[in-house]
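> Sharing query19.csv (CSV, C-alpha atoms) below.
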```
chain,number,residue,atom,x,y,z
S,25,MET,CA,7.3,26.4,4.2
S,26,THR,CA,9.8,23.6,3.4
S,27,VAL,CA,9.6,20.0,4.5
S,28,GLN,CA,12.6,20.5,6.8
S,29,GLU,CA,11.0,23.6,8.4
S,30,LEU,CA,7.9,21.6,9.1
S,31,ILE,CA,9.9,18.8,10.6
S,32,SER,CA,11.7,21.2,12.9
S,33,LYS,CA,8.3,22.7,14.0
S,34,ARG,CA,6.9,19.2,14.6
S,35,ALA,CA,9.9,18.3,16.6
S,36,GLN,CA,9.6,21.4,18.7
S,37,ALA,CA,5.8,20.8,19.2
S,38,TRP,CA,6.6,17.2,20.3
S,39,GLU,CA,9.1,18.3,22.9
S,40,THR,CA,6.6,20.8,24.2
S,41,ALA,CA,3.9,18.2,24.4
S,42,LYS,CA,6.2,15.8,26.3
S,43,ALA,CA,7.2,18.5,28.7
S,44,PHE,CA,3.5,19.4,29.3
S,45,LEU,CA,2.6,15.8,29.8
S,46,ASP,CA,5.4,15.3,32.4
S,47,ALA,CA,4.6,18.5,34.3
S,48,HIS,CA,0.8,18.0,34.6
S,49,ARG,CA,0.4,14.4,35.6
S,50,GLY,CA,-1.3,14.0,38.9
S,51,ALA,CA,-0.2,11.8,41.8
S,52,ASP,CA,-2.2,9.0,40.2
S,53,GLY,CA,-0.3,9.4,36.9
S,54,LEU,CA,-3.3,10.8,35.1
S,55,LEU,CA,-4.2,14.2,33.6
S,56,SER,CA,-7.1,16.3,34.6
S,57,ALA,CA,-9.9,16.8,32.1
S,58,GLU,CA,-8.7,20.3,31.3
S,59,ASP,CA,-5.1,19.3,30.9
S,60,SER,CA,-6.2,16.3,28.8
S,61,GLU,CA,-8.0,18.6,26.4
S,62,THR,CA,-4.9,20.8,26.1
S,63,TYR,CA,-2.6,17.8,25.4
S,64,ASP,CA,-5.0,16.5,22.8
S,65,ARG,CA,-4.8,19.8,21.0
S,66,MET,CA,-1.0,19.6,21.1
S,67,GLU,CA,-1.1,16.1,19.7
S,68,LYS,CA,-3.5,17.1,17.0
S,69,ALA,CA,-1.0,19.8,15.9
S,70,ILE,CA,1.7,17.1,15.7
S,71,VAL,CA,-0.6,14.9,13.6
S,72,ASP,CA,-1.3,17.9,11.3
S,73,TYR,CA,2.4,18.6,10.8
S,74,THR,CA,3.0,14.9,10.0
S,75,ARG,CA,0.2,14.9,7.3
S,76,GLU,CA,1.6,18.1,5.8
S,77,ILE,CA,5.1,16.6,5.7
S,78,ASP,CA,3.8,13.5,4.0
S,79,ARG,CA,1.8,15.6,1.5
S,80,LEU,CA,4.9,17.7,0.6
S,81,ASN,CA,7.0,14.5,0.2
S,82,ARG,CA,4.4,13.1,-2.2
S,83,GLN,CA,4.2,16.4,-4.1
S,84,LYS,CA,8.0,16.3,-4.5
S,85,ALA,CA,7.9,12.7,-5.7
S,86,ILE,CA,5.3,13.7,-8.3
S,87,GLU,CA,7.3,16.7,-9.4
S,88,ASP,CA,10.5,14.6,-9.7
S,89,GLN,CA,8.6,12.1,-11.8
S,90,MET,CA,7.1,14.8,-14.1
S,91,ALA,CA,10.6,16.2,-14.6
S,92,GLN,CA,11.8,13.0,-16.1
S,93,PRO,CA,12.2,12.9,-19.9
S,94,THR,CA,8.9,12.0,-21.5
S,95,ALA,CA,10.4,10.7,-24.7
S,96,ALA,CA,13.3,8.5,-25.7
S,97,PRO,CA,16.4,10.0,-27.3
S,98,LEU,CA,16.0,10.7,-31.0
S,99,THR,CA,17.3,7.7,-32.9
S,100,GLY,CA,15.4,8.0,-36.2
S,101,LYS,CA,15.2,10.5,-38.9
S,102,PRO,CA,13.9,14.0,-38.1
S,103,GLY,CA,10.4,14.4,-39.3
S,104,ALA,CA,9.6,10.7,-39.2
S,105,ASP,CA,6.1,9.7,-38.0
S,106,PRO,CA,6.5,8.1,-34.5
S,107,ALA,CA,3.3,6.2,-35.0
S,108,HIS,CA,5.2,4.1,-37.6
S,109,ASP,CA,8.3,3.5,-35.4
S,110,PRO,CA,9.1,-0.2,-35.9
S,111,GLU,CA,10.4,-0.4,-32.3
S,112,GLN,CA,6.9,0.2,-30.8
S,113,LYS,CA,4.5,-2.7,-31.1
S,114,GLY,CA,1.0,-3.5,-30.1
S,115,CYS,CA,-0.7,-1.4,-27.4
S,116,ALA,CA,2.6,0.3,-26.6
S,117,SER,CA,2.7,2.1,-29.9
S,118,HIS,CA,1.7,5.8,-30.4
S,119,ALA,CA,-0.8,4.7,-33.0
S,120,TYR,CA,-2.7,2.6,-30.5
S,121,ALA,CA,-2.9,5.4,-27.9
S,122,LYS,CA,-4.0,7.8,-30.6
S,123,ALA,CA,-6.6,5.4,-32.0
S,124,LEU,CA,-8.1,4.7,-28.5
S,125,ILE,CA,-8.5,8.4,-27.7
S,126,ALA,CA,-10.3,8.8,-31.1
S,127,ALA,CA,-12.5,5.8,-30.4
S,128,MET,CA,-13.5,7.1,-26.9
S,129,ARG,CA,-14.4,10.5,-28.3
S,130,THR,CA,-16.6,9.1,-31.0
S,131,GLY,CA,-18.4,6.5,-28.8
S,132,PHE,CA,-16.3,3.7,-30.3
S,133,HIS,CA,-17.8,4.3,-33.7
S,134,GLN,CA,-14.5,5.2,-35.2
S,135,ILE,CA,-12.5,2.0,-34.8
S,136,SER,CA,-9.0,1.6,-36.3
S,137,ASP,CA,-7.5,-1.7,-37.2
S,138,VAL,CA,-4.7,-1.1,-34.7
S,139,LEU,CA,-7.2,-1.5,-31.8
S,140,GLU,CA,-7.9,-5.1,-32.8
S,141,GLU,CA,-4.8,-6.1,-30.8
S,142,GLY,CA,-6.4,-5.1,-27.6
S,143,ASN,CA,-10.0,-6.2,-28.3
S,144,ASP,CA,-11.4,-8.8,-25.9
S,145,ALA,CA,-14.6,-10.9,-26.0
S,146,ASN,CA,-16.5,-8.3,-24.0
S,147,GLY,CA,-15.7,-5.4,-26.3
S,148,GLY,CA,-13.0,-3.9,-24.0
S,149,TYR,CA,-9.7,-2.5,-25.1
S,150,LEU,CA,-6.3,-2.6,-23.4
S,151,VAL,CA,-5.2,0.7,-21.9
S,152,PRO,CA,-2.3,2.1,-24.0
S,153,ALA,CA,1.1,1.3,-22.5
S,154,GLU,CA,1.7,4.9,-21.4
S,155,TRP,CA,-1.6,5.0,-19.5
S,156,ASP,CA,-1.0,1.7,-17.9
S,157,ALA,CA,2.4,2.7,-16.5
S,158,ARG,CA,1.1,5.9,-15.0
S,159,LEU,CA,-1.8,4.0,-13.4
S,160,VAL,CA,0.7,1.7,-11.7
S,161,ASP,CA,2.6,4.7,-10.5
S,162,LYS,CA,-0.5,6.1,-8.9
S,163,LEU,CA,-1.2,2.8,-7.1
S,164,GLU,CA,2.2,2.9,-5.6
S,165,GLU,CA,1.7,6.5,-4.5
S,166,GLU,CA,-1.6,5.8,-2.8
S,167,ASN,CA,-1.0,2.3,-1.5
S,168,ILE,CA,1.7,2.0,1.2
S,169,PHE,CA,1.5,-1.8,1.2
S,170,ARG,CA,2.7,-2.2,-2.4
S,171,GLY,CA,6.0,-0.6,-1.4
S,172,LEU,CA,6.5,-3.0,1.4
S,173,ALA,CA,5.3,-6.3,-0.2
S,174,THR,CA,6.9,-8.3,-3.0
S,175,VAL,CA,5.1,-7.7,-6.2
S,176,ILE,CA,5.2,-10.5,-8.8
S,177,THR,CA,3.8,-10.1,-12.3
S,178,THR,CA,2.1,-13.3,-13.3
S,179,SER,CA,0.5,-14.6,-16.5
S,180,GLY,CA,-1.5,-17.4,-14.8
S,181,GLU,CA,-1.8,-19.3,-11.5
S,182,HIS,CA,1.5,-18.8,-9.7
S,183,LYS,CA,2.8,-21.4,-7.2
S,184,ILE,CA,5.3,-20.5,-4.5
S,185,ASN,CA,7.2,-23.3,-2.9
S,186,ILE,CA,7.7,-23.1,0.9
S,187,ALA,CA,10.0,-25.3,3.0
S,188,ALA,CA,7.7,-26.9,5.6
S,189,THR,CA,10.4,-28.8,7.5
S,190,LYS,CA,14.2,-28.5,7.5
S,191,PRO,CA,16.9,-31.1,8.2
S,192,ALA,CA,18.5,-30.9,11.6
S,193,ALA,CA,22.2,-31.6,12.4
S,194,ALA,CA,23.0,-34.3,14.9
S,195,TRP,CA,26.3,-35.4,16.6
S,196,ILE,CA,27.4,-39.0,15.9
S,197,GLU,CA,30.3,-41.2,17.0
S,198,GLU,CA,32.9,-42.4,14.6
S,199,GLY,CA,31.6,-45.3,12.6
S,200,GLN,CA,28.0,-44.7,13.8
S,201,ALA,CA,25.2,-45.0,11.2
S,202,LEU,CA,23.9,-41.7,9.7
S,203,THR,CA,20.4,-40.6,10.3
S,204,PHE,CA,18.4,-39.0,7.5
S,205,GLY,CA,15.5,-36.6,7.9
S,206,ASP,CA,12.8,-35.8,5.4
S,207,ALA,CA,12.6,-32.3,4.0
S,208,THR,CA,9.0,-31.5,3.2
S,209,PHE,CA,7.6,-28.6,1.2
S,210,ASP,CA,4.4,-26.7,1.0
S,211,GLN,CA,2.9,-24.4,-1.7
S,212,VAL,CA,1.2,-21.1,-1.7
S,213,VAL,CA,-0.9,-20.4,-4.8
S,214,LEU,CA,-1.4,-16.9,-6.1
S,215,ASP,CA,-4.5,-16.7,-8.3
S,216,ALA,CA,-6.2,-13.6,-9.7
S,217,HIS,CA,-9.2,-11.8,-8.2
S,218,LYS,CA,-10.9,-9.1,-10.3
S,219,LEU,CA,-11.1,-5.6,-9.0
S,220,HIS,CA,-12.9,-2.8,-10.9
S,221,VAL,CA,-13.8,0.8,-10.5
S,222,ALA,CA,-16.4,2.8,-12.5
S,223,ILE,CA,-16.8,6.6,-13.0
S,224,LYS,CA,-19.0,8.9,-14.9
S,225,VAL,CA,-17.8,12.0,-16.8
S,226,THR,CA,-19.8,14.7,-18.6
S,227,GLU,CA,-19.8,14.8,-22.4
S,228,GLU,CA,-18.4,18.3,-22.2
S,229,LEU,CA,-15.3,17.1,-20.3
S,230,LEU,CA,-14.8,14.3,-22.8
S,231,TYR,CA,-15.1,16.5,-25.9
S,232,ASP,CA,-13.3,19.6,-24.7
S,233,ASN,CA,-9.8,18.3,-23.8
S,234,ALA,CA,-8.6,14.7,-24.1
S,235,PHE,CA,-5.4,15.4,-22.1
S,236,ASN,CA,-7.3,16.6,-19.0
S,237,LEU,CA,-9.7,13.7,-19.4
S,238,GLU,CA,-6.8,11.3,-19.3
S,239,SER,CA,-5.4,12.8,-16.1
S,240,TYR,CA,-8.8,12.9,-14.4
S,241,ILE,CA,-9.5,9.2,-15.2
S,242,ILE,CA,-6.0,8.1,-14.1
S,243,ASP,CA,-6.2,10.0,-10.9
S,244,ALA,CA,-9.7,8.8,-10.0
S,245,PHE,CA,-9.1,5.2,-11.0
S,246,GLY,CA,-5.6,5.1,-9.3
S,247,LYS,CA,-7.0,6.4,-5.9
S,248,ALA,CA,-10.0,4.1,-5.9
S,249,ILE,CA,-8.1,0.9,-6.9
S,250,GLY,CA,-5.2,1.7,-4.6
S,251,ASN,CA,-7.5,2.2,-1.6
S,252,ALA,CA,-9.4,-1.0,-2.4
S,253,GLU,CA,-6.1,-3.0,-2.7
S,254,GLU,CA,-4.7,-1.7,0.5
S,255,ASP,CA,-7.9,-2.6,2.4
S,256,ALA,CA,-7.7,-6.2,1.0
S,257,PHE,CA,-4.0,-6.6,1.6
S,258,LEU,CA,-4.6,-5.7,5.3
S,259,ASN,CA,-8.1,-7.1,6.0
S,260,GLY,CA,-9.1,-9.4,3.1
S,261,ASP,CA,-10.4,-12.9,3.9
S,262,GLY,CA,-9.2,-14.6,0.7
S,263,THR,CA,-12.7,-15.1,-0.6
S,264,GLY,CA,-13.0,-13.3,-3.9
S,265,LYS,CA,-10.1,-11.0,-2.8
S,266,PRO,CA,-6.6,-11.2,-1.5
S,267,ALA,CA,-6.0,-12.6,2.1
S,268,GLY,CA,-4.8,-9.8,4.4
S,269,ILE,CA,-2.1,-9.8,7.0
S,270,PHE,CA,-4.7,-9.2,9.8
S,271,ASP,CA,-6.9,-12.2,8.6
S,272,ALA,CA,-7.3,-14.7,11.5
S,273,SER,CA,-6.6,-17.8,9.3
S,274,ALA,CA,-4.3,-16.6,6.5
S,275,GLY,CA,-2.6,-13.6,8.1
S,276,GLY,CA,0.2,-13.1,10.6
S,277,GLN,CA,0.6,-15.0,13.9
S,278,VAL,CA,-1.1,-13.6,17.0
S,279,ALA,CA,1.8,-13.1,19.4
S,280,VAL,CA,0.5,-10.7,22.1
S,281,THR,CA,-3.1,-10.5,23.4
S,282,ILE,CA,-3.9,-7.5,25.6
S,283,SER,CA,-6.8,-7.2,28.1
S,284,GLY,CA,-9.2,-4.5,27.0
S,285,VAL,CA,-8.0,-1.7,24.8
S,286,LYS,CA,-5.1,-0.2,26.8
S,287,ILE,CA,-1.7,-0.9,25.4
S,288,THR,CA,1.4,-0.7,27.6
S,289,SER,CA,5.1,-0.3,26.8
S,290,ASP,CA,5.6,-3.9,27.8
S,291,ASP,CA,3.1,-5.0,25.2
S,292,ILE,CA,5.0,-3.3,22.5
S,293,LEU,CA,8.3,-4.8,23.6
S,294,SER,CA,6.7,-8.3,23.8
S,295,LEU,CA,5.4,-7.8,20.2
S,296,ILE,CA,8.9,-6.8,18.9
S,297,TYR,CA,10.7,-9.8,20.5
S,298,SER,CA,8.0,-12.3,19.5
S,299,LEU,CA,9.3,-11.8,16.0
S,300,LYS,CA,12.3,-14.0,15.2
S,301,ARG,CA,15.6,-12.1,14.9
S,302,PRO,CA,16.2,-12.6,11.2
S,303,TYR,CA,12.9,-11.0,10.4
S,304,ARG,CA,13.5,-8.0,12.7
S,305,LYS,CA,16.3,-6.7,10.4
S,306,ASN,CA,13.7,-5.4,7.9
S,307,ALA,CA,10.7,-5.2,10.2
S,308,ARG,CA,8.3,-2.3,10.7
S,309,PHE,CA,4.9,-1.5,12.3
S,310,ILE,CA,1.6,-1.1,10.5
S,311,LEU,CA,-1.3,0.4,12.6
S,312,ASN,CA,-4.1,2.8,12.6
S,313,ASP,CA,-3.7,6.5,13.4
S,314,VAL,CA,-6.0,6.2,16.4
S,315,THR,CA,-3.9,3.4,17.8
S,316,LEU,CA,-0.7,5.4,17.2
S,317,SER,CA,-2.2,8.3,19.1
S,318,ALA,CA,-2.5,6.1,22.2
S,319,ILE,CA,1.1,4.7,21.8
S,320,ARG,CA,2.6,8.1,21.6
S,321,LYS,CA,2.1,8.6,25.3
S,322,LEU,CA,4.0,5.4,26.3
S,323,LYS,CA,7.5,5.5,27.9
S,324,ASP,CA,10.1,2.8,28.6
S,325,ASN,CA,11.6,2.1,32.0
S,326,ASN,CA,14.1,5.0,31.6
S,327,GLY,CA,11.3,7.5,31.0
S,328,ALA,CA,12.0,7.9,27.2
S,329,TYR,CA,9.1,7.9,24.9
S,330,LEU,CA,8.8,4.8,22.7
S,331,TRP,CA,7.6,6.8,19.7
S,332,GLN,CA,10.1,9.2,18.1
S,333,PRO,CA,9.2,11.6,15.3
S,334,SER,CA,11.5,11.8,12.3
S,335,TYR,CA,13.9,14.8,12.3
S,336,THR,CA,15.0,14.2,8.6
S,337,ALA,CA,13.0,14.7,5.5
S,338,GLY,CA,12.0,11.4,3.9
S,339,GLU,CA,12.7,9.4,7.0
S,340,PRO,CA,9.7,7.7,8.8
S,341,ASP,CA,8.7,8.0,12.4
S,342,THR,CA,10.0,5.2,14.6
S,343,LEU,CA,8.7,3.1,17.5
S,344,CYS,CA,11.4,1.5,19.6
S,345,GLY,CA,13.7,2.2,16.6
S,346,TYR,CA,11.5,0.5,14.0
S,347,SER,CA,9.7,2.4,11.2
S,348,VAL,CA,6.0,3.1,11.7
S,349,MET,CA,3.5,3.0,8.8
S,350,THR,CA,0.0,4.1,9.3
S,351,SER,CA,-3.0,3.2,7.2
S,352,ALA,CA,-6.6,4.2,7.5
S,353,TYR,CA,-7.5,0.6,6.7
S,354,ALA,CA,-5.6,-0.9,9.6
S,355,PRO,CA,-8.0,-2.1,12.3
S,356,ALA,CA,-8.8,0.3,15.0
S,357,LEU,CA,-8.0,-0.7,18.6
S,358,GLU,CA,-11.3,-2.5,19.6
S,359,ALA,CA,-12.1,-5.4,21.9
S,360,GLY,CA,-11.6,-8.8,20.2
S,361,LYS,CA,-9.8,-7.4,17.1
S,362,PRO,CA,-6.2,-7.2,15.9
S,363,ALA,CA,-4.6,-3.8,16.2
S,364,ILE,CA,-0.9,-3.8,15.3
S,365,ALA,CA,1.1,-5.8,12.8
S,366,PHE,CA,4.9,-6.0,13.2
S,367,GLY,CA,7.1,-7.9,10.8
S,368,ASP,CA,8.9,-8.1,7.5
S,369,PHE,CA,6.2,-7.4,5.0
S,370,SER,CA,8.3,-8.5,2.0
S,371,TYR,CA,7.0,-12.0,2.8
S,372,TYR,CA,3.6,-10.8,1.6
S,373,ASN,CA,3.5,-11.6,-2.1
S,374,ILE,CA,1.3,-9.7,-4.5
S,375,GLY,CA,0.4,-11.5,-7.7
S,376,ASP,CA,-0.3,-8.9,-10.3
S,377,ARG,CA,-1.5,-9.9,-13.8
S,378,GLY,CA,0.0,-6.6,-14.9
S,379,VAL,CA,-2.6,-5.6,-17.5
S,380,ARG,CA,-5.5,-3.3,-16.8
S,381,SER,CA,-8.4,-2.6,-19.2
S,382,VAL,CA,-10.9,0.2,-19.7
S,383,GLN,CA,-14.4,0.0,-21.2
S,384,GLU,CA,-16.8,2.8,-22.1
S,385,LEU,CA,-20.5,2.8,-21.1
S,386,ARG,CA,-22.1,5.4,-23.3
S,387,GLU,CA,-25.7,4.4,-23.7
S,388,LEU,CA,-26.3,3.6,-20.0
S,389,PHE,CA,-26.1,7.3,-19.0
S,390,ALA,CA,-27.1,8.9,-22.3
S,391,GLY,CA,-30.2,10.5,-20.8
S,392,ASN,CA,-28.0,12.4,-18.3
S,393,GLY,CA,-25.5,13.6,-20.8
S,394,MET,CA,-22.8,11.6,-19.2
S,395,ILE,CA,-20.5,8.7,-20.2
S,396,GLY,CA,-19.2,5.9,-18.0
S,397,TYR,CA,-15.9,4.3,-17.9
S,398,VAL,CA,-14.9,1.1,-16.1
S,399,ALA,CA,-11.3,0.0,-15.3
S,400,LYS,CA,-10.5,-3.5,-14.3
S,401,GLU,CA,-7.5,-5.4,-12.9
S,402,ARG,CA,-6.7,-8.9,-11.6
S,403,VAL,CA,-4.6,-9.2,-8.5
S,404,ASP,CA,-4.1,-11.6,-5.6
S,405,GLY,CA,-2.0,-11.4,-2.4
S,406,LYS,CA,-1.0,-13.7,0.4
S,407,LEU,CA,1.4,-13.9,3.3
S,408,VAL,CA,3.7,-16.8,2.3
S,409,LEU,CA,5.3,-17.1,5.8
S,410,PRO,CA,3.0,-16.3,8.7
S,411,GLU,CA,5.8,-16.3,11.2
S,412,ALA,CA,7.3,-13.2,9.4
S,413,VAL,CA,4.5,-11.0,10.7
S,414,GLN,CA,3.4,-10.9,14.4
S,415,ILE,CA,0.1,-9.5,15.5
S,416,LEU,CA,-1.0,-7.7,18.7
S,417,LYS,CA,-4.8,-8.0,19.3
S,418,SER,CA,-7.2,-7.2,22.1
S,419,ASN,CA,-9.0,-9.8,24.2
S,420,ALA,CA,-12.7,-10.2,23.3
S,421,SER,CA,-13.5,-9.4,27.0
```
Could you spell out this file's structure in structure tokens?


Amino acid sequence: MTVQELISKRAQAWETAKAFLDAHRGADGLLSAEDSETYDRMEKAIVDYTREIDRLNRQKAIEDQMAQPTAAPLTGKPGADPAHDPEQKGCASHAYAKALIAAMRTGFHQISDVLEEGNDANGGYLVPAEWDARLVDKLEEENIFRGLATVITTSGEHKINIAATKPAAAWIEEGQALTFGDATFDQVVLDAHKLHVAIKVTEELLYDNAFNLESYIIDAFGKAIGNAEEDAFLNGDGTGKPAGIFDASAGGQVAVTISGVKITSDDILSLIYSLKRPYRKNARFILNDVTLSAIRKLKDNNGAYLWQPSYTAGEPDTLCGYSVMTSAYAPALEAGKPAIAFGDFSYYNIGDRGVRSVQELRELFAGNGMIGYVAKERVDGKLVLPEAVQILKSNAS
């Protein structure tokens, strides 16, 4: 079944669910227990359609990427050894990648001189350039926030200048003395926090097929690192990790506080218009799937549902006309906690050191016939303008 067919089925299911909800509300505006169970099953079908649509879109993106040429056009002499291509240097060379695979398969007993370029004080080696690029692609696939934020590749501590106060214009009479205001500036510093992931593979997997091993390691490392990053970009407290947009001190500004855990359509509208107009041009929502399930039942004063499913492949669902992004790491709707973020998330800056490393742990698991590998990266993230993201949270009571 194609993506467009699934979108059509989801749209039909949504219209059916809306009609059922309108037809079975009681005089008090509520559903009976039996009708509520029926509606929940309808809503679950819509959620399942959405997940399958997202899955097929990701699959198409992967297939499109794999269809890209894997080699540069032939510019040298036929038959020449690409390992000695003078245009490829350091860990980007074919020789480096080939030498690293050979070293991994021999327990780093077979070490080529070419690996010395990537050797660090702890005995690690830089991932070959081809591996590193594919790992970054995996992070962007799994991590929704990297596609929304501004990613900066840094080589050290990175300082971002922020205008704290701006000059104001004033009317003056002819000949009147000018008044001067002071423009002040602040700074946001992006450092580098270390993130690592470790896995174990069997010796048989390592020795049988190096290509499958490479794909497995990249897939496992990419998912684990991407998930850990997204959790930190949303909920991190800035201590040993990035500061997230939902953090009470370094995140967005709390604009709407609801009583309890019941969200109304007025709350959503208040959140939207608490964000300054210039930021609303590129704004979108980030929330948990559970929170979205509650919002799907809300209507405006004209009886139209605030949430609208996408009817076009590749287009996101919308809430009051703004794109909706869901994350399993966004806080659930609970008393005393933030629940929804709305804003322009390009003002969240990710400082990425850009280089990831891999180490082998052979002797640690030798008795089990397994070999460990550890991948590491250094990254930081901060919201440079808190006013660019507005938060809806629940009252503690």

> Need the neighbours of (-2.2, 4.7, 8.3): which residues are at most 7 Å away, counting all atoms listed in the file, as a CSV table (one decimal) with C-alpha atoms, in the coordinates of the input?


```
chain,number,residue,atom,x,y,z
S,311,LEU,CA,-1.3,0.4,12.6
S,312,ASN,CA,-4.1,2.8,12.6
S,313,ASP,CA,-3.7,6.5,13.4
S,349,MET,CA,3.5,3.0,8.8
S,350,THR,CA,0.0,4.1,9.3
S,351,SER,CA,-3.0,3.2,7.2
S,352,ALA,CA,-6.6,4.2,7.5
S,353,TYR,CA,-7.5,0.6,6.7
S,354,ALA,CA,-5.6,-0.9,9.6
```

> Work out how far atom CA of Tyr372 of chain S is from atom CA of Ala356 of chain S, in Å to one decimal.

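Atom CA of Tyr372 of chain S lies at a distance of 21.4 Å from atom CA of Ala356 of chain S.
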
> If I put a ball of radius 12 Å at (-9.1, -4.1, 0.7) in the file's coordinates, which residues poke into it when counting all atoms listed in the file, written as a VMD selection string?

chain S and resid 167 169 217 219 248 to 271 351 to 355 403 to 405

> Could you write out the selected residues, including C-alpha atoms, as a CSV table (one decimal), in the coordinates of the input?


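Wrote it out as result-v3.csv, contents follow:
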```csv
chain,number,residue,atom,x,y,z
S,167,ASN,CA,-1.0,2.3,-1.5
S,169,PHE,CA,1.5,-1.8,1.2
S,217,HIS,CA,-9.2,-11.8,-8.2
S,219,LEU,CA,-11.1,-5.6,-9.0
S,248,ALA,CA,-10.0,4.1,-5.9
S,249,ILE,CA,-8.1,0.9,-6.9
S,250,GLY,CA,-5.2,1.7,-4.6
S,251,ASN,CA,-7.5,2.2,-1.6
S,252,ALA,CA,-9.4,-1.0,-2.4
S,253,GLU,CA,-6.1,-3.0,-2.7
S,254,GLU,CA,-4.7,-1.7,0.5
S,255,ASP,CA,-7.9,-2.6,2.4
S,256,ALA,CA,-7.7,-6.2,1.0
S,257,PHE,CA,-4.0,-6.6,1.6
S,258,LEU,CA,-4.6,-5.7,5.3
S,259,ASN,CA,-8.1,-7.1,6.0
S,260,GLY,CA,-9.1,-9.4,3.1
S,261,ASP,CA,-10.4,-12.9,3.9
S,262,GLY,CA,-9.2,-14.6,0.7
S,263,THR,CA,-12.7,-15.1,-0.6
S,264,GLY,CA,-13.0,-13.3,-3.9
S,265,LYS,CA,-10.1,-11.0,-2.8
S,266,PRO,CA,-6.6,-11.2,-1.5
S,267,ALA,CA,-6.0,-12.6,2.1
S,268,GLY,CA,-4.8,-9.8,4.4
S,269,ILE,CA,-2.1,-9.8,7.0
S,270,PHE,CA,-4.7,-9.2,9.8
S,271,ASP,CA,-6.9,-12.2,8.6
S,351,SER,CA,-3.0,3.2,7.2
S,352,ALA,CA,-6.6,4.2,7.5
S,353,TYR,CA,-7.5,0.6,6.7
S,354,ALA,CA,-5.6,-0.9,9.6
S,355,PRO,CA,-8.0,-2.1,12.3
S,403,VAL,CA,-4.6,-9.2,-8.5
S,404,ASP,CA,-4.1,-11.6,-5.6
S,405,GLY,CA,-2.0,-11.4,-2.4
```

> Choose the residue, out of S:Ser56, S:Lys122, S:Pro333, S:Asp368, that has the smallest atom-to-atom separation from Ala37 of chain S; count all atoms listed in the file.

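Once distances to Ala37 of chain S are computed over all atoms listed in the file, the minimum belongs to S:Pro333.
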
> Identify, on the basis of all atoms listed in the file, every residue whose closest approach to Gly360 of chain S does not exceed 10 Å; exclude the query and any residue fewer than 6 positions from it along the same chain; express the result as a PDB file with C-alpha atoms, in the frame of the given file.


```pdb
ATOM      1  CA  THR S 281      -3.100 -10.500  23.400  1.00  0.00           C
ATOM      2  CA  ILE S 282      -3.900  -7.500  25.600  1.00  0.00           C
ATOM      3  CA  SER S 283      -6.800  -7.200  28.100  1.00  0.00           C
ATOM      4  CA  GLY S 284      -9.200  -4.500  27.000  1.00  0.00           C
ATOM      5  CA  VAL S 285      -8.000  -1.700  24.800  1.00  0.00           C
ATOM      6  CA  LYS S 417      -4.800  -8.000  19.300  1.00  0.00           C
ATOM      7  CA  SER S 418      -7.200  -7.200  22.100  1.00  0.00           C
ATOM      8  CA  ASN S 419      -9.000  -9.800  24.200  1.00  0.00           C
ATOM      9  CA  ALA S 420     -12.700 -10.200  23.300  1.00  0.00           C
ATOM     10  CA  SER S 421     -13.500  -9.400  27.000  1.00  0.00           C
TER      11      SER S 421
END
```

> Can you tell me how far atom CA of Ala279 of chain S sits from atom CA of Ala307 of chain S, in Å to one decimal?

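Distance reported for this atom pair: 15.0 Å.
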
> Quick one: pull the distance between atom CA of Gly180 of chain S and atom CA of Asp215 of chain S, Å, one decimal.

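About the pair atom CA of Gly180 of chain S and atom CA of Asp215 of chain S: they are 7.2 Å apart.
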
> Closest to Lys400 of chain S among S:Lys224, S:Lys68, S:Lys218, S:Lys305, using only C-alpha atoms?

S:Lys218

> Kindly indicate which residue among S:Glu39, S:Asp290, S:Asp88, S:Glu358 lies nearest to Gln332 of chain S, using all atoms listed in the file for the distances.

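Among the listed residues, S:Glu39 lies closest to Gln332 of chain S.
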
> Excluding Ile395 of chain S and its own-chain neighbours fewer than 3 positions away, which residues fall within 7 Å of it when counting only C-alpha atoms? Please give them as a ChimeraX atom specification.

/S:224-227,385-386,389-390

> Just write the chosen residues, C-alpha atoms, as a short mmCIF file (atom, residue, chain, number, x, y, z; two decimals), in the frame of the given file.


```
data_model
loop_
_atom_site.label_atom_id
_atom_site.label_comp_id
_atom_site.auth_asym_id
_atom_site.auth_seq_id
_atom_site.Cartn_x
_atom_site.Cartn_y
_atom_site.Cartn_z
CA LYS S 224 -19.00 8.90 -14.90
CA VAL S 225 -17.80 12.00 -16.80
CA THR S 226 -19.80 14.70 -18.60
CA GLU S 227 -19.80 14.80 -22.40
CA LEU S 385 -20.50 2.80 -21.10
CA ARG S 386 -22.10 5.40 -23.30
CA PHE S 389 -26.10 7.30 -19.00
CA ALA S 390 -27.10 8.90 -22.30
#
```

> In terms of the shortest atom-to-atom distance over all atoms listed in the file, which of S:Gly276, S:Gly391, S:Gly367, S:Gly53 is closest to Ser347 of chain S?

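Closest to Ser347 of chain S of all the choices is S:Gly367.
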
> Counting only C-alpha atoms, figure out which residue out of S:Ile310, S:Tyr303, S:Glu58, S:Ile31 gets nearest to Glu76 of chain S.

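Smallest distance to Glu76 of chain S is found for S:Ile31.
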
> Find, counting only C-alpha atoms, the residue in S:Leu293, S:Ile374, S:Ile319, S:Leu30 that gets nearest to Arg402 of chain S.

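Smallest distance to Arg402 of chain S is found for S:Ile374.
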
> Might you pull out every residue within 10 Å of Lys42 of chain S, with only C-alpha atoms counted and same-chain residues fewer than 4 positions away left off, and present them as a list in words?

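The neighbour list is Ala37, Trp38, Asp46, Ala47, Tyr63, Met66, Glu67, Arg320, Lys321, Ala328 and Tyr329 of chain S.
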